[in-house]
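**Student:** Got a file for you: start-v3.tsv, TSV, C-alpha atoms.
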```
chain	number	residue	atom	x	y	z
A	26	MET	CA	-24.34	-8.66	-164.91
A	27	SER	CA	-26.24	-7.28	-167.89
A	28	GLU	CA	-23.17	-7.37	-170.08
A	29	GLU	CA	-22.36	-10.94	-169.04
A	30	LYS	CA	-24.11	-13.96	-170.44
A	31	HIS	CA	-26.45	-15.36	-167.84
A	32	HIS	CA	-27.79	-18.85	-167.53
A	33	ILE	CA	-31.54	-19.25	-168.03
A	34	THR	CA	-32.90	-22.20	-166.07
A	35	PRO	CA	-35.55	-23.99	-168.15
A	36	TYR	CA	-39.03	-24.49	-166.65
A	37	ARG	CA	-38.66	-28.28	-166.71
A	38	THR	CA	-35.64	-28.09	-164.38
A	39	HIS	CA	-37.77	-26.16	-161.87
A	40	ILE	CA	-40.54	-28.76	-162.12
A	41	ALA	CA	-38.08	-31.63	-161.65
A	42	VAL	CA	-36.60	-29.96	-158.55
A	43	LEU	CA	-40.09	-29.38	-157.10
A	44	LEU	CA	-41.03	-33.03	-157.63
A	45	ALA	CA	-37.82	-34.12	-155.88
A	46	LEU	CA	-38.56	-31.74	-152.96
A	47	ILE	CA	-42.13	-33.05	-152.57
A	48	PHE	CA	-40.90	-36.65	-152.79
A	49	LEU	CA	-38.41	-35.96	-149.98
A	50	THR	CA	-41.18	-34.29	-147.92
A	51	VAL	CA	-43.32	-37.44	-148.25
A	52	ILE	CA	-40.38	-39.60	-147.16
A	53	THR	CA	-39.60	-37.42	-144.15
A	54	VAL	CA	-43.26	-37.62	-142.99
A	55	ALA	CA	-43.38	-41.39	-143.65
A	56	ILE	CA	-40.26	-41.91	-141.53
A	57	THR	CA	-42.06	-40.58	-138.45
A	58	TRP	CA	-44.46	-43.57	-138.60
A	59	THR	CA	-41.51	-45.91	-138.04
A	60	ASP	CA	-39.55	-46.00	-134.80
A	61	LEU	CA	-35.83	-45.67	-135.43
A	62	GLY	CA	-34.97	-44.27	-131.99
A	63	VAL	CA	-32.46	-41.42	-132.18
A	64	TRP	CA	-32.11	-42.05	-135.91
A	65	ASN	CA	-35.55	-40.50	-136.55
A	66	THR	CA	-34.21	-37.01	-135.91
A	67	THR	CA	-30.93	-37.78	-137.70
A	68	ALA	CA	-32.81	-38.99	-140.80
A	69	ALA	CA	-35.16	-35.97	-140.70
A	70	MET	CA	-32.18	-33.58	-140.52
A	71	LEU	CA	-30.32	-35.37	-143.32
A	72	ILE	CA	-33.39	-35.18	-145.59
A	73	ALA	CA	-33.89	-31.49	-144.66
A	74	GLY	CA	-30.21	-30.96	-145.57
A	75	VAL	CA	-30.72	-32.55	-149.00
A	76	LYS	CA	-33.85	-30.43	-149.57
A	77	ALA	CA	-32.02	-27.25	-148.53
A	78	THR	CA	-29.16	-28.12	-150.89
A	79	LEU	CA	-31.59	-28.57	-153.80
A	80	VAL	CA	-33.15	-25.16	-153.08
A	81	LEU	CA	-29.74	-23.46	-152.78
A	82	VAL	CA	-28.22	-25.09	-155.85
A	83	TYR	CA	-31.14	-24.85	-158.30
A	84	PHE	CA	-33.72	-22.31	-157.09
A	85	MET	CA	-31.09	-19.92	-155.71
A	86	HIS	CA	-28.90	-20.50	-158.79
A	87	LEU	CA	-25.68	-21.38	-156.96
A	88	LYS	CA	-24.95	-23.97	-159.63
A	89	PHE	CA	-25.03	-21.41	-162.43
A	90	ASP	CA	-23.60	-18.33	-160.67
A	91	GLN	CA	-19.98	-17.40	-160.10
A	92	LYS	CA	-18.37	-19.65	-157.48
A	93	ILE	CA	-17.92	-16.75	-155.03
A	94	TYR	CA	-21.56	-17.14	-153.89
A	95	THR	CA	-21.08	-20.84	-153.14
A	96	TYR	CA	-17.90	-20.11	-151.17
A	97	MET	CA	-19.68	-17.43	-149.14
A	98	VAL	CA	-22.57	-19.80	-148.32
A	99	LEU	CA	-20.14	-22.54	-147.29
A	100	LEU	CA	-18.24	-20.06	-145.09
A	101	VAL	CA	-21.44	-19.02	-143.28
A	102	LEU	CA	-22.49	-22.66	-142.80
A	103	ALA	CA	-19.01	-23.41	-141.42
A	104	VAL	CA	-19.32	-20.55	-138.91
A	105	PHE	CA	-22.77	-21.83	-137.89
A	106	ALA	CA	-21.45	-25.41	-137.53
A	107	ALA	CA	-18.56	-24.13	-135.38
A	108	VAL	CA	-20.99	-22.33	-133.04
A	109	ILE	CA	-23.10	-25.51	-132.70
A	110	VAL	CA	-20.01	-27.58	-131.84
A	111	LEU	CA	-18.77	-25.01	-129.30
A	112	THR	CA	-22.22	-24.71	-127.67
A	113	PHE	CA	-22.61	-28.45	-127.21
A	114	PHE	CA	-19.00	-28.85	-126.16
A	115	ASP	CA	-19.91	-26.46	-123.34
A	116	TYR	CA	-23.29	-28.06	-122.47
A	117	LEU	CA	-22.07	-31.65	-122.54
A	118	ASN	CA	-19.14	-30.89	-120.23
A	119	ARG	CA	-20.90	-28.97	-117.47
B	9	MET	CA	-30.30	8.45	-170.45
B	10	HIS	CA	-27.76	6.05	-169.05
B	11	LEU	CA	-28.28	4.94	-165.50
B	12	HIS	CA	-25.44	3.22	-163.76
B	13	ARG	CA	-26.43	-0.17	-162.48
B	14	ASP	CA	-24.38	-2.83	-160.71
B	15	ASP	CA	-26.33	-6.07	-160.59
B	16	THR	CA	-23.48	-8.08	-159.09
B	17	ALA	CA	-23.17	-5.68	-156.15
B	18	SER	CA	-26.94	-5.77	-155.71
B	19	LYS	CA	-26.94	-9.54	-155.61
B	20	ILE	CA	-23.98	-9.80	-153.22
B	21	GLY	CA	-25.77	-7.31	-150.95
B	22	MET	CA	-28.87	-9.52	-150.95
B	23	TRP	CA	-26.80	-12.60	-150.13
B	24	LEU	CA	-25.05	-10.78	-147.25
B	25	PHE	CA	-28.48	-9.89	-145.84
B	26	ILE	CA	-29.56	-13.52	-146.24
B	27	PHE	CA	-26.49	-14.61	-144.24
B	28	THR	CA	-27.58	-12.40	-141.32
B	29	GLU	CA	-31.01	-14.06	-141.52
B	30	ILE	CA	-29.45	-17.53	-141.53
B	31	LEU	CA	-27.49	-16.66	-138.38
B	32	LEU	CA	-30.59	-15.09	-136.74
B	33	PHE	CA	-32.63	-18.26	-137.21
B	34	GLY	CA	-29.50	-20.35	-136.64
B	35	GLY	CA	-29.24	-18.90	-133.13
B	36	LEU	CA	-32.85	-19.88	-132.44
B	37	PHE	CA	-32.21	-23.39	-133.78
B	38	ILE	CA	-29.30	-23.73	-131.33
B	39	VAL	CA	-31.55	-22.61	-128.45
B	40	TYR	CA	-34.05	-25.23	-129.62
B	41	ALA	CA	-31.34	-27.92	-129.78
B	42	VAL	CA	-30.08	-27.23	-126.25
B	43	TYR	CA	-33.56	-27.13	-124.66
B	44	ARG	CA	-34.69	-30.22	-126.55
B	45	TYR	CA	-31.54	-32.03	-125.36
B	46	GLU	CA	-32.40	-31.07	-121.77
B	47	ASN	CA	-36.17	-31.82	-122.04
B	48	GLN	CA	-36.36	-34.71	-124.50
B	49	ALA	CA	-39.51	-36.44	-123.21
B	50	ALA	CA	-41.52	-33.20	-122.88
B	51	PHE	CA	-40.50	-32.05	-126.38
B	52	HIS	CA	-41.63	-35.37	-127.86
B	53	LEU	CA	-45.02	-35.26	-126.16
B	54	ALA	CA	-45.58	-31.57	-126.91
B	55	GLY	CA	-44.56	-32.11	-130.55
B	56	GLU	CA	-47.37	-34.60	-130.96
B	57	GLU	CA	-49.85	-31.80	-130.18
B	58	LEU	CA	-49.00	-30.14	-133.49
B	59	ASN	CA	-51.05	-30.87	-136.61
B	60	VAL	CA	-48.84	-32.89	-138.98
B	61	ILE	CA	-51.32	-32.62	-141.88
B	62	MET	CA	-51.47	-28.82	-141.60
B	63	GLY	CA	-47.66	-28.68	-141.41
B	64	THR	CA	-47.25	-30.95	-144.43
B	65	ILE	CA	-49.73	-28.92	-146.51
B	66	ASN	CA	-47.89	-25.71	-145.66
B	67	THR	CA	-44.56	-27.35	-146.56
B	68	VAL	CA	-45.85	-28.29	-150.01
B	69	VAL	CA	-47.46	-24.82	-150.46
B	70	LEU	CA	-44.10	-23.12	-149.75
B	71	LEU	CA	-42.17	-25.50	-152.00
B	72	VAL	CA	-44.56	-24.84	-154.91
B	73	SER	CA	-44.33	-21.07	-154.29
B	74	SER	CA	-40.53	-21.34	-154.40
B	75	MET	CA	-40.81	-22.96	-157.80
B	76	THR	CA	-43.25	-20.35	-159.17
B	77	ILE	CA	-40.99	-17.42	-158.22
B	78	ALA	CA	-37.94	-19.22	-159.67
B	79	MET	CA	-39.97	-19.72	-162.87
B	80	ALA	CA	-40.90	-16.02	-162.89
B	81	ILE	CA	-37.17	-15.22	-163.24
B	82	THR	CA	-36.93	-17.58	-166.22
B	83	ALA	CA	-39.99	-15.88	-167.77
B	84	MET	CA	-38.44	-12.41	-167.28
B	85	GLN	CA	-35.11	-13.47	-168.79
B	86	ARG	CA	-37.02	-14.72	-171.82
B	87	GLY	CA	-38.89	-11.41	-172.05
B	88	ASN	CA	-42.28	-12.92	-171.18
B	89	LYS	CA	-43.56	-10.29	-168.76
B	90	LYS	CA	-47.16	-11.51	-168.66
B	91	MET	CA	-46.02	-14.97	-167.63
B	92	ALA	CA	-43.67	-13.50	-165.00
B	93	ILE	CA	-46.46	-11.39	-163.47
B	94	ALA	CA	-48.88	-14.36	-163.50
B	95	LEU	CA	-46.31	-16.55	-161.74
B	96	LEU	CA	-45.67	-13.83	-159.12
B	97	TYR	CA	-49.41	-13.53	-158.44
B	98	ILE	CA	-49.55	-17.32	-157.95
B	99	THR	CA	-46.64	-16.97	-155.51
B	100	LEU	CA	-48.58	-14.31	-153.58
B	101	LEU	CA	-51.69	-16.52	-153.56
B	102	LEU	CA	-49.65	-19.41	-152.12
B	103	ALA	CA	-48.23	-17.06	-149.48
B	104	LEU	CA	-51.80	-16.13	-148.54
B	105	ILE	CA	-52.80	-19.82	-148.32
B	106	PHE	CA	-49.81	-20.42	-146.03
B	107	MET	CA	-50.88	-17.57	-143.73
B	108	VAL	CA	-54.54	-18.70	-143.65
B	109	ASN	CA	-53.41	-22.22	-142.66
B	110	LYS	CA	-51.19	-20.68	-140.00
B	111	TYR	CA	-54.14	-18.66	-138.71
B	112	PHE	CA	-56.26	-21.79	-138.27
B	113	GLU	CA	-53.33	-23.70	-136.79
B	114	TRP	CA	-52.51	-21.03	-134.19
B	115	GLY	CA	-56.23	-20.45	-133.61
B	116	ALA	CA	-56.70	-24.12	-132.67
B	117	LYS	CA	-53.82	-23.83	-130.19
B	118	PHE	CA	-55.34	-20.69	-128.66
B	119	GLU	CA	-58.69	-22.47	-128.27
B	120	HIS	CA	-56.95	-25.20	-126.31
B	121	GLY	CA	-55.55	-22.50	-124.05
B	122	ILE	CA	-52.04	-22.86	-125.48
B	123	PHE	CA	-50.53	-19.44	-126.08
B	124	PRO	CA	-47.58	-17.58	-124.53
B	125	ASN	CA	-48.13	-16.91	-120.81
B	126	SER	CA	-51.55	-18.62	-120.78
B	127	GLU	CA	-52.70	-20.04	-117.47
B	128	TYR	CA	-52.95	-23.54	-118.93
B	129	LEU	CA	-49.49	-23.44	-120.55
B	130	LEU	CA	-47.87	-22.16	-117.36
B	131	SER	CA	-49.41	-25.10	-115.44
B	132	LEU	CA	-47.50	-27.55	-117.68
B	133	SER	CA	-43.90	-28.73	-117.25
B	134	ARG	CA	-40.86	-26.58	-118.02
B	135	GLY	CA	-40.21	-28.60	-121.17
B	136	ASP	CA	-43.74	-27.94	-122.50
B	137	ILE	CA	-43.45	-24.22	-121.81
B	138	LEU	CA	-40.10	-24.10	-123.62
B	139	PHE	CA	-41.37	-26.13	-126.57
B	140	PHE	CA	-44.42	-23.95	-127.15
B	141	GLY	CA	-42.47	-20.77	-126.45
B	142	LEU	CA	-40.01	-21.74	-129.20
B	143	TYR	CA	-42.85	-22.91	-131.45
B	144	PHE	CA	-44.63	-19.54	-131.29
B	145	THR	CA	-41.39	-17.53	-131.51
B	146	MET	CA	-39.89	-19.41	-134.44
B	147	THR	CA	-43.00	-20.05	-136.55
B	148	GLY	CA	-44.15	-16.48	-135.72
B	149	LEU	CA	-40.86	-14.94	-136.84
B	150	HIS	CA	-40.99	-17.13	-139.93
B	151	ALA	CA	-44.59	-16.04	-140.70
B	152	PHE	CA	-43.43	-12.41	-140.33
B	153	HIS	CA	-40.82	-13.14	-143.01
B	154	ILE	CA	-43.60	-14.49	-145.26
B	155	VAL	CA	-45.44	-11.17	-144.91
B	156	VAL	CA	-42.28	-9.15	-145.66
B	157	GLY	CA	-41.52	-11.40	-148.66
B	158	ALA	CA	-45.06	-10.92	-149.98
B	159	VAL	CA	-44.71	-7.11	-149.76
B	160	PHE	CA	-41.34	-7.36	-151.54
B	161	ILE	CA	-42.96	-9.44	-154.33
B	162	GLY	CA	-45.79	-6.88	-154.53
B	163	PHE	CA	-43.24	-4.11	-155.24
B	164	VAL	CA	-41.58	-6.28	-157.90
B	165	ILE	CA	-44.93	-6.85	-159.65
B	166	TYR	CA	-45.53	-3.08	-159.61
B	167	TYR	CA	-42.07	-2.38	-161.10
B	168	ILE	CA	-42.55	-4.99	-163.83
B	169	LYS	CA	-45.90	-3.43	-164.75
B	170	LYS	CA	-44.24	0.01	-164.87
B	171	ASP	CA	-41.50	-1.40	-167.14
B	172	ARG	CA	-38.84	-0.52	-164.62
B	173	LEU	CA	-37.95	-4.21	-164.60
B	174	HIS	CA	-37.67	-5.93	-167.97
B	175	LYS	CA	-35.73	-8.47	-170.01
B	176	GLU	CA	-32.41	-6.71	-169.46
B	177	ASN	CA	-33.03	-5.67	-165.87
B	178	TRP	CA	-34.42	-8.30	-163.52
B	179	GLN	CA	-31.98	-8.24	-160.61
B	180	LEU	CA	-34.59	-6.94	-158.15
B	181	LEU	CA	-36.84	-9.87	-159.08
B	182	GLU	CA	-33.96	-12.27	-158.48
B	183	ASN	CA	-33.30	-10.64	-155.09
B	184	ALA	CA	-36.97	-11.10	-154.17
B	185	GLY	CA	-36.61	-14.72	-155.29
B	186	LEU	CA	-33.52	-15.23	-153.12
B	187	TYR	CA	-35.37	-13.83	-150.10
B	188	TRP	CA	-38.40	-16.02	-150.79
B	189	HIS	CA	-36.20	-19.13	-151.08
B	190	LEU	CA	-34.58	-18.25	-147.76
B	191	VAL	CA	-38.04	-18.26	-146.15
B	192	ASP	CA	-38.59	-21.69	-147.72
B	193	LEU	CA	-35.17	-22.92	-146.49
B	194	ILE	CA	-36.00	-21.99	-142.90
B	195	TRP	CA	-39.36	-23.78	-143.10
B	196	ILE	CA	-37.61	-26.91	-144.44
B	197	PHE	CA	-35.89	-27.16	-141.03
B	198	LEU	CA	-38.74	-25.85	-138.85
B	199	PHE	CA	-41.17	-28.46	-140.20
B	200	PRO	CA	-39.39	-31.68	-139.09
B	201	LEU	CA	-38.11	-30.13	-135.84
B	202	PHE	CA	-41.54	-29.07	-134.56
B	203	TYR	CA	-44.16	-31.14	-136.38
B	204	LEU	CA	-42.37	-34.45	-136.89
B	205	ILE	CA	-40.87	-35.15	-133.47
B	206	HIS	CA	-41.56	-38.80	-132.98
```
Could you spell out this file's structure in structure tokens?

**Tutor:**
Amino acid sequence: MSEEKHHITPYRTHIAVLLALIFLTVITVAITWTDLGVWNTTAAMLIAGVKATLVLVYFMHLKFDQKIYTYMVLLVLAVFAAVIVLTFFDYLNR
Amino acid sequence: MHLHRDDTASKIGMWLFIFTEILLFGGLFIVYAVYRYENQAAFHLAGEELNVIMGTINTVVLLVSSMTIAMAITAMQRGNKKMAIALLYITLLLALIFMVNKYFEWGAKFEHGIFPNSEYLLSLSRGDILFFGLYFTMTGLHAFHIVVGAVFIGFVIYYIKKDRLHKENWQLLENAGLYWHLVDLIWIFLFPLFYLIH
């Protein structure tokens, strides 16, 4: 890596990402005060997904690294998603 | 003296380790999902026992610490070692704040007689026992990762001070950062699933 040019993320990008993450945290807490039925959990998981994506893409540098890292992460998430689907397919059909 | 170094291999190795961690916690999240599906009412009531304010503070503390360690990498790449070390110390301080909060949070639960295998907890419903069992297991395993991450960061600070890490060699710092972000990622999901059940 030392011989390759690497991307240096400026401080202001980090600050912007942090502000976005805190904003999303406030929203996810605020949502619990309203009753959306089953959608409460769905909304919380969607927001958590957006937050996780921000951390992966900016803080963990996926955006600036070679694409192989992104592909590996997506592969692992796909495996995890497949296990969730299989588990619930089993539980819901007992 | 020329030392052979392969930063790409080092980084891929760190990512592979992170994948095993994702699947470790992923398994626990699936256990949580199944038991919550089977004990929905109990999980909702038990979730309300948790301190939302404490959970929110710890969420923000971890998010800020994620930013400071990411900034430390920027500082190192720009050759500003003092700044990098200062940012890493702030990260360690935030880790300590997280653990102190956790201590008070768990302590309050213990005072109410809620801890694994306690007489009071065992007198509650199956759903309550499962909820608190998962709560202590998952937040406990997560807190253990905070401690390991803090030790890792401590080594990185030592190596930067000894000039073994510098402007041209910061891969170990980035690996510590990746690990620390993983700990943050897990908390991002733990927080709504335990503290924000409505």

**Student:** Might you pull out every residue within 6 Å of Thr82 of chain B, with all atoms listed in the file counted and same-chain residues fewer than 3 positions away left off, and present them as a PDB file with C-alpha atoms, keeping the file's coordinate frame?

**Tutor:**
```pdb
ATOM      1  CA  ILE A  33     -31.540 -19.250-168.030  1.00  0.00           C
TER       2      ILE A  33
ATOM      3  CA  MET B  79     -39.970 -19.720-162.870  1.00  0.00           C
ATOM      4  CA  GLN B  85     -35.110 -13.470-168.790  1.00  0.00           C
TER       5      GLN B  85
END
```

**Student:** Taking into account only C-alpha atoms, which residue in the set B:Asn183, B:Ser126, B:Thr16, B:Asn59 is nearest to chain A?

**Tutor:**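 Closest residue, counting only C-alpha atoms: B:Thr16.
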
**Student:** Mind giving me the straight-line distance from atom CA of Phe48 of chain A to atom CA of Met84 of chain B in Å, one decimal?

**Tutor:**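 Taking atom CA of Phe48 of chain A as the start and atom CA of Met84 of chain B as the end point, the length is 28.3 Å.
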
**Student:** Pick out the chain B residues within 9 Å of chain A. Count only C-alpha atoms. Give them as a ChimeraX atom specification.

**Tutor:** /B:13-16,20,23-24,27,30-31,34-35,38,42,60,64,67-68,71-72,74-79,81-83,85-86,176-177,179,182,185-186,189-190,192-194,196-197,200-201,204-206

**Student:** Using only C-alpha atoms, find each residue of segment 10-84 of chain B with at least one atom at most 10 Å away from an atom of segment 144-164 of chain B; report its shortest atom-to-atom pair and that distance in Å (one decimal), sort the rows by chain and rising residue number, and return the result as CSV.

**Tutor:**
```
residue,atom,partner,partner_atom,distance
B:Glu29,CA,B:His153,CA,10.0
B:Phe33,CA,B:Met146,CA,7.9
B:Leu36,CA,B:Met146,CA,7.3
B:Phe37,CA,B:Met146,CA,8.7
B:Tyr40,CA,B:Met146,CA,9.6
B:Leu70,CA,B:Ile154,CA,9.7
B:Ile77,CA,B:Ile161,CA,9.1
```

**Student:** In Å, rounded to a single decimal, give me how far atom CA of Tyr143 of chain B is from atom CA of Asn125 of chain B.

**Tutor:**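 Distance between the two atoms: 13.3 Å.
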
**Student:** In Å, rounded to a single decimal, give me how far atom CA of Ile65 of chain B is from atom CA of Met91 of chain B.

**Tutor:**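 Between atom CA of Met91 of chain B and atom CA of Ile65 of chain B the gap works out to 25.6 Å.
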
**Student:** Return the single residue from B:Gly121, B:Lys169, B:Lys19, B:Trp114 that is closest to Lys90 of chain B, with distances computed using only C-alpha atoms.

**Tutor:**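 Selected residue with least distance to Lys90 of chain B: B:Lys169.
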
**Student:** Which protein, DNA or RNA residues are at most 9 Å from (-47.4, -30.2, -135.2) in the file's coordinates when you count all atoms listed in the file, listed as an MDAnalysis selection string?

**Tutor:** chainID B and resid 54:63 113 199 202:205
